[in-house]
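Q: You'll find query.cif just under this line, and it carries mmCIF, C-alpha atoms and all ligand atoms.
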```
data_protein
loop_
_atom_site.label_atom_id
_atom_site.label_comp_id
_atom_site.auth_asym_id
_atom_site.auth_seq_id
_atom_site.Cartn_x
_atom_site.Cartn_y
_atom_site.Cartn_z
CA MET A 1 0.00 0.00 0.00
CA THR A 2 1.30 3.46 -0.87
CA VAL A 3 1.32 5.68 2.23
CA ALA A 4 2.79 8.75 0.51
CA LYS A 5 3.91 9.84 -2.93
CA ILE A 6 7.20 11.70 -2.75
CA ALA A 7 9.16 13.42 -5.53
CA LEU A 8 12.92 13.24 -5.02
CA VAL A 9 15.11 15.94 -6.52
CA PRO A 10 18.74 15.05 -5.80
CA GLY A 11 19.90 18.10 -7.79
CA ASP A 12 23.57 19.05 -8.01
CA GLY A 13 26.82 18.39 -6.18
CA ILE A 14 26.34 16.72 -2.80
CA GLY A 15 22.57 16.82 -3.33
CA ALA A 16 22.47 13.27 -4.69
CA GLU A 17 24.71 11.95 -1.92
CA VAL A 18 22.58 13.36 0.90
CA VAL A 19 19.18 12.69 -0.67
CA ALA A 20 20.08 8.99 -1.00
CA GLN A 21 20.54 8.89 2.78
CA GLY A 22 17.32 10.82 3.38
CA ARG A 23 15.45 8.27 1.30
CA LYS A 24 17.09 5.39 3.15
CA VAL A 25 15.93 6.77 6.49
CA LEU A 26 12.45 7.56 5.17
CA ASP A 27 12.04 4.00 3.88
CA ALA A 28 13.30 2.63 7.20
CA VAL A 29 10.69 4.45 9.30
CA LEU A 30 7.77 4.59 6.89
CA PRO A 31 7.44 1.56 4.63
CA GLY A 32 5.20 2.07 1.60
CA VAL A 33 6.49 5.43 0.40
CA GLU A 34 6.40 5.70 -3.37
CA ALA A 35 9.40 7.82 -4.35
CA THR A 36 10.05 9.07 -7.88
CA GLU A 37 13.32 10.71 -8.85
CA TYR A 38 13.40 13.85 -10.97
CA ASP A 39 16.45 15.02 -12.84
CA LEU A 40 16.53 18.80 -12.30
CA GLY A 41 19.29 21.26 -11.58
CA ALA A 42 22.44 22.48 -13.29
CA ALA A 43 23.08 19.34 -15.36
CA ARG A 44 19.55 19.32 -16.81
CA TYR A 45 19.75 23.06 -17.47
CA HIS A 46 22.98 22.66 -19.44
CA ARG A 47 21.62 19.67 -21.36
CA THR A 48 18.15 20.97 -22.27
CA GLY A 49 17.86 24.57 -21.07
CA GLU A 50 15.00 23.50 -18.78
CA VAL A 51 14.84 24.47 -15.12
CA LEU A 52 11.38 23.41 -13.94
CA PRO A 53 9.17 22.34 -16.84
CA GLU A 54 5.43 23.05 -16.53
CA SER A 55 4.77 19.33 -17.02
CA VAL A 56 6.77 18.46 -13.89
CA LEU A 57 4.91 21.11 -11.89
CA GLN A 58 1.65 19.56 -13.10
CA GLU A 59 2.73 16.06 -12.11
CA TRP A 60 3.77 17.21 -8.67
CA THR A 61 0.29 18.49 -7.85
CA GLY A 62 -0.54 14.81 -7.33
CA TYR A 63 2.33 14.29 -4.87
CA ASP A 64 2.36 14.63 -1.09
CA ALA A 65 5.80 16.17 -0.77
CA ILE A 66 9.11 16.91 -2.47
CA LEU A 67 12.52 16.10 -0.98
CA LEU A 68 15.27 18.19 -2.55
CA GLY A 69 19.05 17.99 -2.11
CA ALA A 70 20.45 21.18 -3.53
CA VAL A 71 20.63 22.94 -6.85
CA GLY A 72 23.35 25.23 -8.05
CA ASP A 73 26.67 25.19 -9.75
CA PRO A 74 29.25 27.86 -10.53
CA THR A 75 28.59 27.28 -14.27
CA VAL A 76 24.97 28.49 -14.07
CA PRO A 77 24.32 32.25 -13.96
CA PRO A 78 23.07 33.41 -10.54
CA GLY A 79 19.30 33.43 -10.16
CA VAL A 80 18.48 30.93 -12.90
CA LEU A 81 17.99 27.93 -10.62
CA GLU A 82 17.10 29.88 -7.48
CA ARG A 83 14.29 31.86 -9.08
CA GLY A 84 13.41 29.31 -11.76
CA LEU A 85 13.13 26.31 -9.47
CA LEU A 86 13.09 27.10 -5.75
CA LEU A 87 11.15 30.37 -5.85
CA LYS A 88 8.86 29.15 -8.63
CA LEU A 89 7.92 26.17 -6.48
CA ARG A 90 7.27 28.31 -3.41
CA PHE A 91 4.97 30.61 -5.36
CA ALA A 92 3.21 27.97 -7.49
CA PHE A 93 2.53 25.69 -4.53
CA GLN A 94 1.79 28.48 -2.03
CA GLN A 95 4.58 27.32 0.26
CA TYR A 96 4.18 30.39 2.40
CA VAL A 97 5.75 28.92 5.52
CA ASN A 98 9.49 28.52 5.29
CA LEU A 99 10.14 26.53 8.44
CA ARG A 100 13.64 26.41 9.85
CA PRO A 101 14.15 24.78 13.24
CA SER A 102 17.36 25.34 15.18
CA ARG A 103 18.54 23.13 17.99
CA LEU A 104 21.88 22.76 19.67
CA TRP A 105 22.07 18.97 19.77
CA PRO A 106 23.96 17.12 22.47
CA GLY A 107 27.38 16.18 21.13
CA THR A 108 27.64 19.13 18.79
CA ALA A 109 29.98 22.01 19.39
CA GLY A 110 28.53 25.36 18.45
CA PRO A 111 30.75 28.46 18.35
CA LEU A 112 29.10 30.01 21.42
CA GLY A 113 30.88 29.47 24.71
CA ASN A 114 27.96 30.41 26.93
CA VAL A 115 25.32 27.93 25.77
CA LYS A 116 25.03 24.23 26.49
CA PRO A 117 23.42 21.61 24.27
CA GLY A 118 19.67 21.57 24.74
CA GLU A 119 19.52 25.27 25.58
CA ILE A 120 18.89 26.43 22.02
CA ASP A 121 15.62 25.16 20.61
CA PHE A 122 13.68 27.56 18.44
CA VAL A 123 12.02 27.59 15.08
CA VAL A 124 11.91 30.40 12.54
CA VAL A 125 8.70 30.73 10.56
CA ARG A 126 9.85 32.77 7.59
CA GLU A 127 7.32 34.14 5.11
CA GLY A 128 8.01 32.42 1.79
CA THR A 129 5.99 34.04 -0.97
CA GLU A 130 6.14 37.81 -0.55
CA GLY A 131 8.39 40.62 0.63
CA LEU A 132 11.49 41.51 -1.32
CA TYR A 133 11.51 38.07 -2.95
CA ALA A 134 8.29 38.65 -4.87
CA GLY A 135 10.24 39.79 -7.92
CA ALA A 136 8.61 43.23 -8.09
CA GLY A 137 10.87 45.84 -9.56
CA GLY A 138 12.71 46.68 -12.69
CA THR A 139 15.68 48.32 -14.28
CA MET A 140 16.20 51.19 -16.72
CA HIS A 141 19.23 52.50 -18.56
CA THR A 142 21.08 49.32 -17.71
CA ASN A 143 24.85 49.53 -18.07
CA THR A 144 24.84 53.29 -18.35
CA PRO A 145 25.80 55.83 -15.70
CA ALA A 146 22.08 56.59 -15.37
CA GLU A 147 21.16 53.02 -14.48
CA VAL A 148 18.17 52.66 -12.14
CA ALA A 149 17.16 49.49 -10.30
CA THR A 150 14.20 48.98 -8.00
CA GLU A 151 13.32 45.97 -5.88
CA GLU A 152 10.05 46.34 -4.03
CA SER A 153 8.83 44.51 -0.98
CA LEU A 154 5.29 43.20 -1.44
CA ASN A 155 3.24 42.57 1.68
CA THR A 156 -0.40 41.60 1.60
CA ARG A 157 -2.75 41.43 4.56
CA HIS A 158 -3.68 37.90 3.46
CA GLY A 159 -0.05 36.77 3.17
CA VAL A 160 1.09 38.32 6.43
CA GLU A 161 -1.92 37.11 8.38
CA ARG A 162 -1.66 33.49 7.27
CA VAL A 163 2.03 33.16 8.15
CA ILE A 164 1.56 34.85 11.53
CA ARG A 165 -1.38 32.57 12.33
CA ASP A 166 0.77 29.56 11.41
CA ALA A 167 3.48 30.74 13.81
CA PHE A 168 0.97 31.04 16.66
CA SER A 169 -0.49 27.62 16.03
CA ARG A 170 3.01 26.08 15.99
CA ALA A 171 3.82 27.86 19.26
CA GLY A 172 0.64 26.39 20.74
CA LYS A 173 2.08 22.89 20.26
CA ARG A 174 5.41 23.72 21.91
CA GLU A 175 6.35 23.81 25.55
CA ARG A 176 7.25 27.48 25.89
CA ARG A 177 4.39 28.88 23.83
CA LYS A 178 6.02 32.13 22.80
CA VAL A 179 6.10 33.98 19.46
CA THR A 180 8.58 36.73 18.68
CA MET A 181 7.88 38.86 15.65
CA VAL A 182 11.00 40.24 13.98
CA HIS A 183 10.82 43.19 11.59
CA LYS A 184 12.11 46.73 11.27
CA THR A 185 8.89 48.57 12.01
CA ASN A 186 10.67 51.75 13.08
CA VAL A 187 12.11 52.36 9.59
CA LEU A 188 10.07 50.19 7.22
CA THR A 189 6.89 51.80 8.46
CA HIS A 190 4.61 50.79 5.56
CA ALA A 191 5.24 47.07 5.63
CA GLY A 192 6.09 47.19 9.33
CA GLY A 193 2.74 48.78 10.16
CA LEU A 194 0.87 46.03 8.36
CA TRP A 195 2.94 43.34 10.09
CA ALA A 196 2.61 44.91 13.56
CA ARG A 197 -1.16 45.45 13.36
CA THR A 198 -1.75 41.98 11.99
CA PHE A 199 0.46 40.43 14.66
CA ALA A 200 -1.47 42.21 17.42
CA GLU A 201 -4.81 41.11 15.98
CA VAL A 202 -3.87 37.47 15.49
CA ALA A 203 -2.32 37.41 18.98
CA ARG A 204 -5.76 38.12 20.45
CA GLU A 205 -6.96 34.76 19.09
CA PHE A 206 -4.21 33.04 21.11
CA PRO A 207 -4.45 34.56 24.60
CA ASP A 208 -2.33 31.81 26.20
CA ILE A 209 0.67 32.47 23.94
CA GLU A 210 3.30 34.97 25.02
CA THR A 211 4.30 37.56 22.43
CA ASP A 212 7.41 39.61 21.87
CA TYR A 213 8.76 41.93 19.19
CA GLN A 214 12.31 42.71 18.12
CA HIS A 215 13.86 44.79 15.38
CA VAL A 216 15.86 42.60 13.04
CA ASP A 217 19.21 44.14 13.92
CA ALA A 218 18.61 43.49 17.61
CA ALA A 219 17.49 39.96 16.78
CA ALA A 220 20.72 39.35 14.85
CA MET A 221 22.63 40.34 17.97
CA PHE A 222 20.52 38.35 20.45
CA MET A 223 20.69 35.28 18.26
CA VAL A 224 24.41 35.25 18.99
CA THR A 225 24.45 36.54 22.56
CA GLN A 226 21.27 34.98 23.91
CA PRO A 227 19.71 32.45 21.51
CA GLN A 228 18.04 30.69 24.46
CA ARG A 229 15.41 33.44 24.58
CA TYR A 230 13.64 32.33 21.40
CA ASP A 231 10.85 29.81 20.89
CA VAL A 232 8.99 30.64 17.65
CA ILE A 233 10.13 33.57 15.52
CA VAL A 234 7.92 34.89 12.74
CA THR A 235 9.42 37.24 10.21
CA ASP A 236 9.45 38.44 6.63
CA ASN A 237 11.16 36.71 3.73
CA LEU A 238 14.50 38.54 3.62
CA PHE A 239 14.95 38.94 7.37
CA GLY A 240 14.18 35.25 7.78
CA ASP A 241 16.70 34.25 5.14
CA ILE A 242 19.50 36.06 6.91
CA LEU A 243 18.51 35.22 10.50
CA THR A 244 18.28 31.51 9.73
CA ASP A 245 21.87 31.45 8.49
CA ILE A 246 22.94 32.95 11.81
CA ALA A 247 20.74 30.37 13.53
CA ALA A 248 22.42 27.55 11.60
CA ALA A 249 25.86 28.90 12.47
CA VAL A 250 25.20 29.04 16.22
CA THR A 251 23.79 25.51 16.30
CA GLY A 252 26.64 23.53 14.79
CA GLY A 253 26.66 24.59 11.20
CA ILE A 254 25.14 24.14 7.81
CA GLY A 255 25.57 20.35 7.76
CA LEU A 256 22.82 20.05 10.38
CA ALA A 257 20.30 22.72 9.32
CA ALA A 258 16.97 21.47 7.95
CA SER A 259 14.12 23.33 6.33
CA GLY A 260 10.66 22.97 4.89
CA CYS A 261 8.80 25.12 2.40
CA ILE A 262 5.34 24.35 3.59
CA ASN A 263 1.81 24.76 2.34
CA PRO A 264 0.10 24.18 5.69
CA GLU A 265 -3.32 23.48 4.18
CA ARG A 266 -1.79 20.65 2.09
CA GLU A 267 -3.56 21.92 -1.03
CA PHE A 268 -0.18 21.57 -2.75
CA PRO A 269 2.89 19.48 -2.00
CA SER A 270 5.40 20.99 0.41
CA MET A 271 9.13 20.85 -0.23
CA PHE A 272 11.75 19.75 2.29
CA GLU A 273 15.46 20.40 1.86
CA PRO A 274 18.67 20.94 3.78
CA VAL A 275 19.56 24.62 4.15
CA HIS A 276 22.97 24.03 2.59
CA GLY A 277 23.78 24.17 -1.12
CA SER A 278 25.49 21.77 -3.52
CA ALA A 279 28.92 22.21 -1.90
CA PRO A 280 31.00 21.84 -5.10
CA ASP A 281 34.16 21.84 -2.96
CA ILE A 282 33.36 18.43 -1.44
CA ALA A 283 30.98 16.95 -4.04
CA GLY A 284 31.68 13.39 -5.13
CA GLN A 285 33.90 12.58 -2.16
CA GLY A 286 31.24 10.91 0.00
CA VAL A 287 32.02 13.14 2.97
CA ALA A 288 28.96 15.41 3.09
CA ASP A 289 26.98 15.30 6.30
CA PRO A 290 23.51 13.89 5.53
CA VAL A 291 22.05 14.97 8.88
CA ALA A 292 20.51 18.21 7.53
CA THR A 293 18.66 16.19 4.89
CA VAL A 294 17.60 13.53 7.36
CA LEU A 295 16.25 16.21 9.72
CA SER A 296 14.36 17.62 6.73
CA VAL A 297 12.83 14.15 6.36
CA ALA A 298 11.65 14.47 9.99
CA LEU A 299 9.92 17.74 9.07
CA LEU A 300 8.36 15.98 6.08
CA LEU A 301 7.06 13.19 8.32
CA ASP A 302 5.57 15.70 10.76
CA HIS A 303 3.91 17.56 7.93
CA LEU A 304 2.37 14.39 6.50
CA GLY A 305 0.99 13.39 9.90
CA HIS A 306 3.57 10.85 11.08
CA PRO A 307 4.88 12.46 14.27
CA GLU A 308 5.90 9.16 15.87
CA GLN A 309 8.18 8.38 12.91
CA ALA A 310 9.50 11.96 12.92
CA ARG A 311 10.53 11.63 16.59
CA ARG A 312 12.30 8.34 15.81
CA VAL A 313 14.31 10.06 13.10
CA GLU A 314 15.22 12.84 15.54
CA GLN A 315 16.25 10.29 18.16
CA ALA A 316 18.49 8.60 15.60
CA VAL A 317 20.09 11.96 14.81
CA ALA A 318 20.57 12.68 18.52
CA ALA A 319 22.31 9.32 18.98
CA GLU A 320 24.48 9.86 15.91
CA LEU A 321 25.58 13.34 16.98
CA SER A 322 26.30 12.27 20.57
CA SER A 323 28.59 9.53 19.29
CA ARG A 324 30.69 11.84 17.13
CA THR A 325 34.14 13.07 17.95
CA PRO A 326 34.56 16.69 16.83
CA GLY A 327 36.97 17.00 13.92
CA GLN A 328 36.73 13.35 12.94
CA PRO A 329 35.86 12.90 9.24
CA LEU A 330 32.60 11.16 8.37
CA ARG A 331 31.38 9.02 5.47
CA THR A 332 27.99 10.06 4.11
CA GLU A 333 26.77 6.52 3.46
CA GLU A 334 27.90 5.14 6.80
CA VAL A 335 26.06 7.93 8.61
CA GLY A 336 22.96 7.18 6.52
CA ASP A 337 23.18 3.47 7.37
CA ARG A 338 23.53 4.17 11.09
CA LEU A 339 20.62 6.62 11.08
CA ALA A 340 18.38 4.23 9.16
CA ALA A 341 19.26 1.33 11.46
CA HIS A 342 18.65 3.39 14.60
CA ALA A 343 15.41 4.93 13.35
CA SER A 344 13.90 1.60 12.29
CA ASN A 345 14.09 0.12 15.82
P1 LIG A 401 27.10 25.48 0.30
O1 LIG A 401 26.11 25.35 1.39
O2 LIG A 401 26.96 24.58 -0.84
O3 LIG A 401 28.57 25.29 0.91
C1 LIG A 401 29.12 26.16 1.90
C2 LIG A 401 30.21 25.42 2.68
O4 LIG A 401 29.60 24.47 3.56
C3 LIG A 401 31.16 24.62 1.78
O5 LIG A 401 32.46 24.68 2.32
C4 LIG A 401 30.62 23.21 1.88
O6 LIG A 401 31.60 22.23 1.68
C5 LIG A 401 30.06 23.15 3.29
N1 LIG A 401 28.91 22.24 3.37
C6 LIG A 401 27.66 22.45 2.85
N2 LIG A 401 26.87 21.40 3.09
C7 LIG A 401 27.61 20.50 3.77
C8 LIG A 401 27.34 19.20 4.31
N3 LIG A 401 26.13 18.62 4.17
N4 LIG A 401 28.33 18.55 4.94
C9 LIG A 401 29.54 19.12 5.08
N5 LIG A 401 29.85 20.36 4.61
C10 LIG A 401 28.90 21.02 3.95
O7 LIG A 401 27.05 27.01 -0.17
P2 LIG A 401 27.79 27.73 -1.38
O8 LIG A 401 29.17 27.18 -1.52
O9 LIG A 401 27.59 29.15 -1.16
O10 LIG A 401 26.95 27.35 -2.67
C11 LIG A 401 27.28 26.29 -3.57
C12 LIG A 401 26.16 26.19 -4.60
O11 LIG A 401 24.95 25.78 -3.97
C13 LIG A 401 25.86 27.50 -5.31
O12 LIG A 401 25.60 27.23 -6.66
C14 LIG A 401 24.59 28.00 -4.62
O13 LIG A 401 23.81 28.80 -5.45
C15 LIG A 401 23.91 26.69 -4.30
N6 LIG A 401 22.96 26.77 -3.17
C16 LIG A 401 21.79 26.08 -3.30
C17 LIG A 401 20.89 26.05 -2.27
C18 LIG A 401 19.65 25.25 -2.45
O14 LIG A 401 19.59 24.39 -3.33
N7 LIG A 401 18.65 25.46 -1.65
C19 LIG A 401 21.12 26.76 -1.01
C20 LIG A 401 22.43 27.40 -0.95
C21 LIG A 401 23.30 27.41 -2.01
MG MG A 402 19.85 31.33 2.46
#
```
In structure tokens, what does this structure look like?
A:
Amino acid sequence: MTVAKIALVPGDGIGAEVVAQGRKVLDAVLPGVEATEYDLGAARYHRTGEVLPESVLQEWTGYDAILLGAVGDPTVPPGVLERGLLLKLRFAFQQYVNLRPSRLWPGTAGPLGNVKPGEIDFVVVREGTEGLYAGAGGTMHTNTPAEVATEESLNTRHGVERVIRDAFSRAGKRERRKVTMVHKTNVLTHAGGLWARTFAEVAREFPDIETDYQHVDAAAMFMVTQPQRYDVIVTDNLFGDILTDIAAAVTGGIGLAASGCINPEREFPSMFEPVHGSAPDIAGQGVADPVATVLSVALLLDHLGHPEQARRVEQAVAAELSSRTPGQPLRTEEVGDRLAAHASN
């Protein structure tokens, strides 16, 4: 019996190496997943000029989720794969919640001296379809001294309200039940006003959830000096992009950071992927850490309504990370085998 239909996009560089491990772990905890591989990314682009054909998008509407490794290669002009694949998916499938959890796992050494494993455990709910990433803007007089370029931030009441409501409902399922909104309402008064008013209104629907607000520059500082203070952070597209890289850095690095581009209503498939890219510097060597991808599989399992399996994957990751010796090289496949074996018991 098929329990879920998943599209796999290994992509470029280490993408294929880590997605193979993600699939292994998924199969180990949830038998009956029907997984279909799609050849997309830099290689396909060079071969056929295609980035994300309409036909693939159509097919995916019948899928439950997409697991992606990474796309990108120095030989492809910037923006082609990012806008043409990742952003196109987010917009087409209304993946308005870009979910990025951050935890300092036991056994991992973060760069911060003042925090112990277990003390950092927050999740950033980043808006995924609007803001400065909406593609609004244009250029004139390009390549002349009079060149003009605009890039506008689009914020709709509908878009802001739905992502804020999602953040509150996620906070309601967590122990600390706190939502911090991050913006720059003192300078970006147009968008900031909309965000602040909407946040206050939605907060009234959740009287048992604590609220907080920080300007993004202050949040960037506190994420380094006092990351323990956060539970759920809700923020706009660009701020969330930058803050989540800081979050990944303070919790043991890019090899561990997972993410989901989620359509909470499940009208469209959601996409799960490690935060890292294709890592051309280590591609093909079998040394990439698959943990970020495997933790993305845990997010996928949660999203599809398999929390028990998701917790087993997380427990396998916790065991793996506790057993590591910092600085010791790892083999991608061996890590995948250990995680799959641990998660299946
Ligand atoms: P990157 O994340 O690929 O690599 C940055 C550094 O982290 C490299 O030194 C790499 O070796 C290391 N690293 C990354 N993942 C690792 C893992 N799982 N285990 C161990 N080390 C790991 O970022 P970079 O170099 O800026 O980008 C490379 C390509 O990836 C570019 O073409 C970029 O556009 C693309 N990219 C794609 C993303 C996506 O598909 N969502 C996200 C970020 C970058
Ligand atoms: Mg980023």
Q: Quick one: residues within 12 Å of Val187 in chain A, all atoms listed in the file, excluding same-chain residues fewer than 3 positions away - as JSON, numbers by chain?
A: {"A": [183, 184, 190, 191, 192, 193, 215, 216, 217]}
Q: Taking C-alpha atoms for each residue, export the selection above as a JSON list (two decimals), in the frame of the given file.
A:
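Output below, filename selection-v1.json:
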```
[["chain", "number", "residue", "atom", "x", "y", "z"],
["A", 183, "HIS", "CA", 10.82, 43.19, 11.59],
["A", 184, "LYS", "CA", 12.11, 46.73, 11.27],
["A", 190, "HIS", "CA", 4.61, 50.79, 5.56],
["A", 191, "ALA", "CA", 5.24, 47.07, 5.63],
["A", 192, "GLY", "CA", 6.09, 47.19, 9.33],
["A", 193, "GLY", "CA", 2.74, 48.78, 10.16],
["A", 215, "HIS", "CA", 13.86, 44.79, 15.38],
["A", 216, "VAL", "CA", 15.86, 42.60, 13.04],
["A", 217, "ASP", "CA", 19.21, 44.14, 13.92]]
```
Q: Expressed in Å to a single decimal, how great is the separation between CA of Arg83 in chain A and CA of Gly41 in chain A?
A: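 So the answer is 12.0 Å.
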Q: Need to verify the contact set: Leu321 in chain A, 12 Å, all atoms listed in the file, exclusion of same-chain residues closer than 2 positions in sequence. Can you return it as a PyMOL selection string?
A: chain A and resi 104-109+117+252+255-256+289-292+314-319+323-326+328+330+335+338-339
Q: Within 7 Å of ligand MG 402 (chain A), counting only C-alpha atoms and all ligand atoms: which residues, as a PyMOL selection string?
A: chain A and resi 241-242+245+275
Q: Go ahead and write the selection's residues with C-alpha atoms as a short mmCIF file (atom, residue, chain, number, x, y, z; two decimals), in the coordinates of the input.
A:
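part37.cif was written with the following content:
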```cif
data_model
loop_
_atom_site.label_atom_id
_atom_site.label_comp_id
_atom_site.auth_asym_id
_atom_site.auth_seq_id
_atom_site.Cartn_x
_atom_site.Cartn_y
_atom_site.Cartn_z
CA ASP A 241 16.70 34.25 5.14
CA ILE A 242 19.50 36.06 6.91
CA ASP A 245 21.87 31.45 8.49
CA VAL A 275 19.56 24.62 4.15
#
```
Q: Would you mind listing what lies within 9 Å of Phe206 in chain A as a list in words, with all atoms listed in the file counted and same-chain residues fewer than 3 positions away left out?
A: Phe168, Ser169, Gly172, Val202, Ala203, Ile209 and Glu210 of chain A
Q: Go through A:Ala7, A:Ile14, A:Leu300, A:Ala340 one by one, measure the shortest atom-to-atom distance of each to ligand LIG 401 (chain A) using all atoms listed in the file, and give the residue with the smallest value.
A: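 Of the candidates, the smallest distance to ligand LIG 401 (chain A) is held by A:Ile14.
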Q: What is the CA of Leu85 in chain A to CA of Tyr38 in chain A distance in Å?
A: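 Computing the Euclidean distance for CA of Leu85 in chain A and CA of Tyr38 in chain A yields 12.6 Å.
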Q: Can you work out which residues are within 10 Å of ligand LIG 401 (chain A), considering all atoms listed in the file, and then hand them over as an NGL selection string?
A: :A and (10-15 or 17-18 or 41-42 or 68-82 or 85-87 or 253-257 or 259 or 272-283 or 286-293 or 329-330 or 332)
Q: Just write the chosen residues, C-alpha atoms, as a tab-separated table (two decimals), in the frame of the given file.
A:
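again06.tsv, written as the output of this step:
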```tsv
chain	number	residue	atom	x	y	z
A	10	PRO	CA	18.74	15.05	-5.80
A	11	GLY	CA	19.90	18.10	-7.79
A	12	ASP	CA	23.57	19.05	-8.01
A	13	GLY	CA	26.82	18.39	-6.18
A	14	ILE	CA	26.34	16.72	-2.80
A	15	GLY	CA	22.57	16.82	-3.33
A	17	GLU	CA	24.71	11.95	-1.92
A	18	VAL	CA	22.58	13.36	0.90
A	41	GLY	CA	19.29	21.26	-11.58
A	42	ALA	CA	22.44	22.48	-13.29
A	68	LEU	CA	15.27	18.19	-2.55
A	69	GLY	CA	19.05	17.99	-2.11
A	70	ALA	CA	20.45	21.18	-3.53
A	71	VAL	CA	20.63	22.94	-6.85
A	72	GLY	CA	23.35	25.23	-8.05
A	73	ASP	CA	26.67	25.19	-9.75
A	74	PRO	CA	29.25	27.86	-10.53
A	75	THR	CA	28.59	27.28	-14.27
A	76	VAL	CA	24.97	28.49	-14.07
A	77	PRO	CA	24.32	32.25	-13.96
A	78	PRO	CA	23.07	33.41	-10.54
A	79	GLY	CA	19.30	33.43	-10.16
A	80	VAL	CA	18.48	30.93	-12.90
A	81	LEU	CA	17.99	27.93	-10.62
A	82	GLU	CA	17.10	29.88	-7.48
A	85	LEU	CA	13.13	26.31	-9.47
A	86	LEU	CA	13.09	27.10	-5.75
A	87	LEU	CA	11.15	30.37	-5.85
A	253	GLY	CA	26.66	24.59	11.20
A	254	ILE	CA	25.14	24.14	7.81
A	255	GLY	CA	25.57	20.35	7.76
A	256	LEU	CA	22.82	20.05	10.38
A	257	ALA	CA	20.30	22.72	9.32
A	259	SER	CA	14.12	23.33	6.33
A	272	PHE	CA	11.75	19.75	2.29
A	273	GLU	CA	15.46	20.40	1.86
A	274	PRO	CA	18.67	20.94	3.78
A	275	VAL	CA	19.56	24.62	4.15
A	276	HIS	CA	22.97	24.03	2.59
A	277	GLY	CA	23.78	24.17	-1.12
A	278	SER	CA	25.49	21.77	-3.52
A	279	ALA	CA	28.92	22.21	-1.90
A	280	PRO	CA	31.00	21.84	-5.10
A	281	ASP	CA	34.16	21.84	-2.96
A	282	ILE	CA	33.36	18.43	-1.44
A	283	ALA	CA	30.98	16.95	-4.04
A	286	GLY	CA	31.24	10.91	0.00
A	287	VAL	CA	32.02	13.14	2.97
A	288	ALA	CA	28.96	15.41	3.09
A	289	ASP	CA	26.98	15.30	6.30
A	290	PRO	CA	23.51	13.89	5.53
A	291	VAL	CA	22.05	14.97	8.88
A	292	ALA	CA	20.51	18.21	7.53
A	293	THR	CA	18.66	16.19	4.89
A	329	PRO	CA	35.86	12.90	9.24
A	330	LEU	CA	32.60	11.16	8.37
A	332	THR	CA	27.99	10.06	4.11
```
Q: Could you check how far CA of Lys88 in chain A sits from CA of Thr2 in chain A, in Å to one decimal?
A: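 Calculated distance between CA of Lys88 in chain A and CA of Thr2 in chain A is 27.9 Å.
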Q: Select, from A:Pro227, A:Ala4, A:Glu161, A:Glu54, the residue with the minimum atom-to-atom distance to Ala35 in chain A, counting all atoms listed in the file.
A: A:Ala4
Q: Looking at A:Pro269, A:Gly128, A:Gly305, A:Pro31, which one is nearest to Thr235 in chain A, with distances taken over all atoms listed in the file?
A: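 The shortest atom-to-atom distance to Thr235 in chain A comes from A:Gly128.
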Q: With only C-alpha atoms as the basis for distance, which of A:Ala196, A:Leu67, A:Leu112, A:Cys261 is at the shortest distance from Thr225 in chain A?
A: A:Leu112
Q: Tell me which protein, DNA and RNA residues are within 10 Å of range 147-151 of chain A, counting all atoms listed in the file, leaving out same-chain ones fewer than 6 positions away, and put them as a list in words.
A: Gly131, Leu132, Tyr133, Ala134, Gly135, Ala136, Gly137, Gly138, Thr139, Met140 and His141 of chain A
Q: With only C-alpha atoms as the atoms that count, which of A:Arg331, A:Arg197, A:Arg229, A:Arg23 lies nearest to Leu301 in chain A?
A: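 Nearest to Leu301 in chain A: A:Arg23.
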